Structure formats: C-alpha cells, structure tokens
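Data from data.cif: mmCIF, C-alpha atoms and all ligand atoms
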```
data_my_file
loop_
_atom_site.label_atom_id
_atom_site.label_comp_id
_atom_site.auth_asym_id
_atom_site.auth_seq_id
_atom_site.Cartn_x
_atom_site.Cartn_y
_atom_site.Cartn_z
CA MET A 22 0.00 0.00 0.00
CA GLU A 23 1.20 3.49 -0.89
CA SER A 24 1.54 5.60 2.28
CA ILE A 25 -1.33 7.95 3.11
CA TYR A 26 -0.69 11.50 4.32
CA LEU A 27 -3.18 13.36 6.52
CA ILE A 28 -3.06 17.13 6.36
CA GLY A 29 -5.20 19.81 7.97
CA PHE A 30 -5.23 22.62 10.49
CA MET A 31 -4.26 22.19 14.15
CA GLY A 32 -7.07 20.36 15.90
CA SER A 33 -8.41 18.66 12.78
CA GLY A 34 -7.73 15.22 14.32
CA LYS A 35 -4.88 14.04 12.07
CA THR A 36 -3.04 12.09 14.79
CA THR A 37 -6.09 10.30 16.20
CA VAL A 38 -7.45 9.51 12.75
CA ALA A 39 -4.00 8.23 11.66
CA HIS A 40 -4.09 5.59 14.42
CA GLU A 41 -7.66 4.55 13.61
CA LEU A 42 -6.85 4.30 9.92
CA ALA A 43 -3.61 2.40 10.54
CA LYS A 44 -5.55 -0.25 12.50
CA ARG A 45 -7.92 -0.75 9.57
CA CYS A 46 -5.13 -0.89 6.96
CA GLY A 47 -2.61 -2.88 9.02
CA ALA A 48 -0.23 0.02 8.45
CA ALA A 49 2.35 1.79 10.61
CA VAL A 50 1.94 5.37 11.85
CA GLN A 51 4.39 8.22 11.47
CA ASP A 52 3.92 11.75 12.76
CA THR A 53 6.16 14.50 11.38
CA ASP A 54 5.96 16.48 14.65
CA ARG A 55 7.08 13.48 16.71
CA MET A 56 9.81 12.71 14.15
CA VAL A 57 11.16 16.25 14.54
CA GLU A 58 11.09 15.96 18.33
CA ILE A 59 12.86 12.61 18.36
CA ASN A 60 15.41 13.54 15.73
CA TYR A 61 16.38 16.88 17.25
CA GLU A 62 15.77 15.84 20.89
CA LEU A 63 13.67 18.94 21.60
CA SER A 64 9.93 19.55 21.86
CA ILE A 65 8.20 21.58 19.14
CA LYS A 66 7.66 24.31 21.72
CA GLU A 67 11.40 24.36 22.55
CA ILE A 68 12.40 24.47 18.87
CA PHE A 69 10.10 27.46 18.22
CA ALA A 70 11.36 29.24 21.36
CA ALA A 71 15.06 28.62 20.71
CA PHE A 72 15.34 28.81 16.92
CA GLY A 73 12.05 30.17 15.55
CA GLU A 74 9.53 28.97 13.00
CA ASP A 75 11.83 28.93 9.95
CA THR A 76 14.15 26.41 11.60
CA PHE A 77 11.17 24.26 12.59
CA ARG A 78 9.92 24.35 8.98
CA ALA A 79 13.32 23.22 7.70
CA TYR A 80 13.35 20.29 10.16
CA GLU A 81 9.75 19.44 9.29
CA HIS A 82 10.57 19.36 5.58
CA GLN A 83 13.42 16.92 6.18
CA MET A 84 11.09 14.64 8.15
CA LEU A 85 8.37 14.78 5.50
CA ILE A 86 10.61 13.68 2.66
CA ASN A 87 12.01 10.89 4.83
CA THR A 88 8.65 9.34 5.72
CA ASN A 89 8.02 5.75 4.68
CA PRO A 90 6.82 5.55 1.07
CA ALA A 91 4.68 2.48 1.77
CA ASN A 92 2.42 0.87 4.38
CA THR A 93 2.27 3.93 6.60
CA ILE A 94 -0.28 6.52 7.65
CA VAL A 95 1.53 9.80 8.12
CA SER A 96 0.13 12.52 10.33
CA THR A 97 1.63 15.91 9.45
CA GLY A 98 1.88 19.25 11.27
CA GLY A 99 -0.82 21.80 10.40
CA GLY A 100 1.70 24.09 8.72
CA ILE A 101 3.24 21.46 6.45
CA ILE A 102 1.71 23.31 3.48
CA GLU A 103 3.51 26.54 4.34
CA SER A 104 6.22 25.77 1.79
CA GLN A 105 5.50 25.42 -1.92
CA GLN A 106 8.14 22.70 -2.00
CA ASN A 107 6.09 20.63 0.46
CA ILE A 108 2.86 21.30 -1.45
CA ASN A 109 4.51 20.06 -4.65
CA TRP A 110 5.87 16.98 -2.89
CA LEU A 111 2.51 16.20 -1.25
CA SER A 112 0.58 16.64 -4.47
CA THR A 113 2.41 13.64 -5.93
CA HIS A 114 1.36 11.47 -2.95
CA GLN A 115 -1.82 10.03 -1.50
CA VAL A 116 -2.98 13.01 0.58
CA ILE A 117 -6.21 13.53 2.49
CA TYR A 118 -7.22 16.92 3.81
CA LEU A 119 -9.17 16.78 7.07
CA LYS A 120 -11.24 19.93 6.85
CA THR A 121 -12.54 21.38 10.10
CA SER A 122 -14.54 24.54 10.73
CA TRP A 123 -13.14 27.43 12.73
CA SER A 124 -15.72 27.04 15.52
CA GLU A 125 -14.87 23.35 15.90
CA ILE A 126 -11.12 24.07 15.96
CA VAL A 127 -11.64 26.68 18.69
CA ARG A 128 -13.76 24.23 20.69
CA ARG A 129 -11.10 21.49 20.46
CA LEU A 130 -8.06 23.69 21.15
CA GLN A 131 -9.44 26.10 23.73
CA HIS A 132 -7.25 24.68 26.53
CA ASP A 133 -4.17 23.88 24.43
CA LYS A 134 -0.90 25.23 25.80
CA ASN A 135 1.60 23.29 23.68
CA ARG A 136 1.12 24.59 20.16
CA PRO A 137 3.36 27.64 19.69
CA ILE A 138 1.39 29.09 16.79
CA TRP A 139 -1.99 28.57 18.44
CA ASN A 140 -0.68 30.25 21.61
CA ASP A 141 0.99 33.16 19.80
CA GLN A 142 -1.21 36.12 20.76
CA THR A 143 0.22 38.24 17.94
CA LYS A 144 -1.15 35.86 15.29
CA ASP A 145 -4.65 35.93 13.82
CA LYS A 146 -5.42 32.21 13.69
CA LEU A 147 -8.68 32.54 11.78
CA ALA A 148 -6.85 34.49 9.06
CA LEU A 149 -4.20 31.76 9.08
CA LEU A 150 -6.84 29.05 8.59
CA ASN A 151 -8.37 31.01 5.71
CA ALA A 152 -4.97 31.61 4.10
CA ARG A 153 -4.07 27.93 4.40
CA GLU A 154 -7.30 26.55 2.94
CA GLU A 155 -6.15 27.00 -0.67
CA LYS A 156 -2.81 25.33 0.12
CA TYR A 157 -4.47 22.30 1.77
CA LEU A 158 -6.63 21.94 -1.33
CA GLN A 159 -3.63 22.23 -3.66
CA ALA A 160 -1.72 19.56 -1.76
CA SER A 161 -4.55 17.01 -1.37
CA LYS A 162 -6.36 14.43 -3.49
CA TYR A 163 -9.36 14.05 -1.18
CA VAL A 164 -11.14 16.32 1.28
CA ILE A 165 -13.05 15.04 4.29
CA GLN A 166 -15.21 17.32 6.41
CA THR A 167 -14.55 16.33 10.02
CA ASP A 168 -17.09 18.39 11.98
CA GLU A 169 -19.63 16.20 13.80
CA LYS A 170 -17.72 13.01 12.99
CA ASN A 171 -15.63 10.97 15.38
CA PRO A 172 -12.18 9.61 14.41
CA LYS A 173 -13.55 6.09 13.79
CA GLU A 174 -16.17 7.40 11.35
CA ILE A 175 -13.54 9.48 9.56
CA ALA A 176 -11.19 6.49 9.29
CA ASN A 177 -14.05 4.39 7.84
CA GLU A 178 -14.80 7.13 5.33
CA ILE A 179 -11.15 7.18 4.22
CA VAL A 180 -11.15 3.40 3.77
CA ARG A 181 -14.19 3.70 1.51
CA LEU A 182 -12.55 6.53 -0.43
CA ILE A 183 -9.19 4.97 -1.28
C1 LIG B 201 1.74 23.89 13.43
C2 LIG B 201 1.01 22.79 13.81
C3 LIG B 201 1.51 21.80 14.77
C4 LIG B 201 3.05 21.76 14.78
C5 LIG B 201 3.58 23.15 14.99
C6 LIG B 201 3.13 24.14 13.90
C7 LIG B 201 1.13 24.86 12.48
O1 LIG B 201 1.02 20.50 14.44
O2 LIG B 201 3.56 21.22 13.60
O3 LIG B 201 3.18 23.58 16.26
O4 LIG B 201 1.85 25.70 11.92
O5 LIG B 201 -0.11 24.76 12.26
P1 LIG B 201 -0.53 20.04 14.69
O6 LIG B 201 -1.28 20.39 13.44
O7 LIG B 201 -0.42 18.57 14.89
O8 LIG B 201 -1.03 20.76 15.88
#
```
Go ahead and render the structure in this file as structure tokens.
Amino acid sequence: MESIYLIGFMGSGKTTVAHELAKRCGAAVQDTDRMVEINYELSIKEIFAAFGEDTFRAYEHQMLINTNPANTIVSTGGGIIESQQNINWLSTHQVIYLKTSWSEIVRRLQHDKNRPIWNDQTKDKLALLNAREEKYLQASKYVIQTDEKNPKEIANEIVRLI
C-alpha cells in the first residue's frame, strides 16, 4: 500500500485519525511532529522558542521527505503546506485533507498550551486558517469534512474513499 498522508489545520484530528486508519489498513503510523522531536531531541515548543519557526519548517521538511513511502499513515503538522516545495511533494502522494470549521477548531483547542502558533497572541489564527485553505486543497487528493464526525467514522470514510 502506498503511504497515506493526513493534512489539515491544528485540531483537525490528524493524529487520532491516523491511528484509527492504521488499524484498519494494518499500516504503521508516522507523525512528522514526533519525528522532529525525536530527531532533534527537543519539543516543538522548545524548537520554536530557541530557533524560531523557519528552523522548525526546515526540520519538518526533512522529516516529510524521509517518511516511509509504503504501508504507513503519516500525520503531518498543520503548517506542512507553508512551503510550496512541500505542497509540490505532497501533491504527488496520497494526501487527504481533514477539513474542520473554525468554531470546531476553537472548541477542540481552547485549553491547548503546547502549540506555539496557536498560543501566539500576535497571530490571527482565523486568518491563518483562511490563508491555508487554498494550500491544503492544492496539496490534497481528497477532502473530508470532520465536523460532527468521530475519528472512527472518519477512518471508515477514508477506507471507503481509497
Ligand atoms: C503547526 C502545527 C503543529 C506543529 C507546529 C506548527 C502549524 O502540528 O507542527 O506547532 O503551523 O499549524 P498540529 O497540526 O499537529 O497541531
């Protein structure tokens, strides 16, 4: 099986859905955020604080292109589409965009303290979601609306789709 990549904004459920989908496909799971943390021995929060977003994006790119090409469900960071290089790379792979509404994202992430971009008070996150929408669409083959669906239902929908 060709590896499947899940993309979408923070809080869209990529990680949870990746595990549900992997169970159904008998596939492994990779998560670009966890790969960065393991490889560089720092948390995402620490990388942003010490080196800034650009460095994180460079690390993230390296992890993306080193993901398993087969038998794996890959959960990506919400900003993976911030580089055109990543969009181009993703558009040649099996990519599913988990699309979530702003109100649902706010509901899911209201107590989050770990995501540097979500917790950056200088950033307009709704504007970021709107700006990213086009990039998620460019990078993906399929779009799944995730509001009012649980991770199991979403995983089942992906199995039917691919
Ligand atoms: C980011 C999303 C995060 C993580 C980093 C940056 C973003 O991943 O990669 O904090 O720019 O949206 P999740 O989408 O898993 O929260």
*asked:* Taking all atoms listed in the file and a cut-off of 6 Å, can you tell me which residues surround ligand LIG 201 (chain B), written as a PyMOL selection string?
replied: chain A and resi 30-31+54+98-100+136-138
As a check of understanding: the span from CA of Glu74 (chain A) to CA of Gln106 (chain A) is 16.3 Å
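Of the listed residues (A:Thr76, A:Ser33, A:Gln51, A:Asn107), A:Ser33 comes nearest to Arg128 (chain A); the distances count only C-alpha atoms.
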Edge lengths and centre, in Å to one decimal, as AutoDock Vina command-line options: that's what I need for the box along x, y and z that holds all listed atoms of region 97-111 of chain A plus 5 Å on each side.
```
--center_x 3.7 --center_y 21.2 --center_z 3.3 --size_x 19.0 --size_y 20.6 --size_z 25.9
```
Expressed in Å, the length from CA of His114 (chain A) to CA of Asn135 (chain A) is 29.1 Å
What separates CA of Thr37 (chain A) and CA of Tyr61 (chain A) is a distance of 23.4 Å
